[in-house]
Every structure is written in structure tokens, then in C-alpha cells.
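Colleague: Quick one: the structure is below, questions incoming.
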Amino acid sequence: MGCYTVPLAAAILLYFGRKNHDSQALRLLNFILGGSSVMLVIDHAWNDELLAFSASDLLLGFVMTAGAMLFWAAIITVEKTRLPAPTEKKA
């Protein structure tokens, strides 16, 4: 249970915390964290482990959340390097 509660908590905190600093990148991170939580809940329900909880499972949740954030950072970095610099329009 711990492995899906950590990214779910991170997604919820990010959702309410990004009110002042909303951006496309933060929305993408929110979708990645939320989507990974849903997939983990489905996996645990499928294997009848929905309420199983241990310290190692909680640690796995932190590792998986960090992995999702690293994946997000890689996506953002690639997108920033691929996009051309904005040009000014001449009047």
C-alpha cells in the first residue's frame, strides 16, 4: 500500500500547491504522479494486496516517486532543448 500512497500524496500536494505557480510542466508532473498512482492501485487490487503495508513498501513508494520525477525532468529537459527560441515579431 505504501508504494501507491507516496506518489498519490505527492500528486495531491502538488495539485493544491501549484495554485500560485501553475505551469504546463507542473501539470505534466501532476498527471505523471496521479497516473502512476492509479496504475499502482490497479496492480495492488489485481494481486489482492490493496491494504498490504510494510516499511519496505513505503520505501519503494519514495523510490518510485523519485523515478517518476526524474522521468518528468528528462521530458522537460528534452522539450526545452528541442524547442526553438521564441522570436520577436516585427511591427
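For the C-alpha cells, the naming scheme is as follows: chains receive sequential letters (A, B, ...) according to their order of presentation, residues are indexed from 1 within each chain, and ligands are indexed from 1 in presentation order.
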I need the helix (DSSP H, G or I) residues of chain A per DSSP on the backbone, written as a short mmCIF file (atom, residue, chain, number, x, y, z; two decimals) with C-alpha atoms, in the first residue's frame.
Modeller:
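Everything below was put into result36.cif:
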data_model
loop_
_atom_site.label_atom_id
_atom_site.label_comp_id
_atom_site.auth_asym_id
_atom_site.auth_seq_id
_atom_site.Cartn_x
_atom_site.Cartn_y
_atom_site.Cartn_z
CA GLY A 2 2.85 2.37 0.71
CA CYS A 3 4.12 2.30 -2.83
CA TYR A 4 0.97 3.95 -4.20
CA THR A 5 0.27 6.24 -1.25
CA VAL A 6 3.52 8.19 -1.66
CA PRO A 7 3.03 9.25 -5.32
CA LEU A 8 -0.68 9.84 -4.62
CA ALA A 9 0.18 12.13 -1.70
CA ALA A 10 2.74 13.92 -3.87
CA ALA A 11 0.16 14.39 -6.65
CA ILE A 12 -2.41 15.78 -4.21
CA LEU A 13 0.09 18.13 -2.57
CA LEU A 14 1.30 19.33 -5.95
CA TYR A 15 -2.25 19.86 -7.19
CA PHE A 16 -3.13 22.17 -4.30
CA GLY A 17 0.37 23.66 -4.04
CA GLN A 24 2.36 23.31 -18.22
CA ALA A 25 5.37 21.50 -16.73
CA LEU A 26 3.80 21.23 -13.27
CA ARG A 27 0.53 19.99 -14.76
CA LEU A 28 2.51 17.31 -16.60
CA LEU A 29 4.20 16.25 -13.35
CA ASN A 30 0.78 16.13 -11.69
CA PHE A 31 -0.55 13.85 -14.44
CA ILE A 32 2.50 11.57 -14.23
CA LEU A 33 2.24 11.22 -10.44
CA GLY A 34 -1.53 10.79 -10.49
CA GLY A 35 -1.44 8.31 -13.35
CA SER A 36 1.28 6.23 -11.75
CA SER A 37 -0.74 6.14 -8.51
CA VAL A 38 -3.81 4.88 -10.35
CA MET A 39 -1.79 2.18 -12.10
CA LEU A 40 -0.27 1.09 -8.77
CA VAL A 41 -3.70 0.91 -7.12
CA ILE A 42 -4.95 -1.25 -10.02
CA ASP A 43 -1.88 -3.50 -9.71
CA HIS A 44 -2.36 -3.94 -5.96
CA ALA A 45 -6.09 -4.58 -6.33
CA TRP A 46 -5.40 -7.14 -9.08
CA ALA A 55 8.17 -0.27 5.67
CA SER A 56 9.86 -1.62 2.56
CA ASP A 57 6.69 -0.94 0.57
CA LEU A 58 6.73 2.66 1.79
CA LEU A 59 10.40 2.99 0.82
CA LEU A 60 9.53 1.60 -2.60
CA GLY A 61 6.90 4.35 -2.89
CA PHE A 62 9.54 7.02 -2.33
CA VAL A 63 11.84 5.41 -4.89
CA MET A 64 9.01 5.16 -7.44
CA THR A 65 8.03 8.78 -6.85
CA ALA A 66 11.63 9.86 -7.33
CA GLY A 67 11.77 7.81 -10.53
CA ALA A 68 8.60 9.47 -11.83
CA MET A 69 10.07 12.89 -11.06
CA LEU A 70 13.33 12.01 -12.83
CA PHE A 71 11.30 10.87 -15.85
CA TRP A 72 9.42 14.19 -15.76
CA ALA A 73 12.69 16.15 -15.50
CA ALA A 74 14.07 14.27 -18.51
CA ILE A 75 10.94 15.06 -20.55
CA ILE A 76 11.12 18.75 -19.63
CA THR A 77 14.84 18.91 -20.44
CA VAL A 78 14.38 17.27 -23.84
CA GLU A 79 11.45 19.54 -24.68
CA LYS A 80 13.40 22.67 -23.74
CA THR A 81 16.35 21.67 -25.91
CA ARG A 82 14.14 20.73 -28.88
#
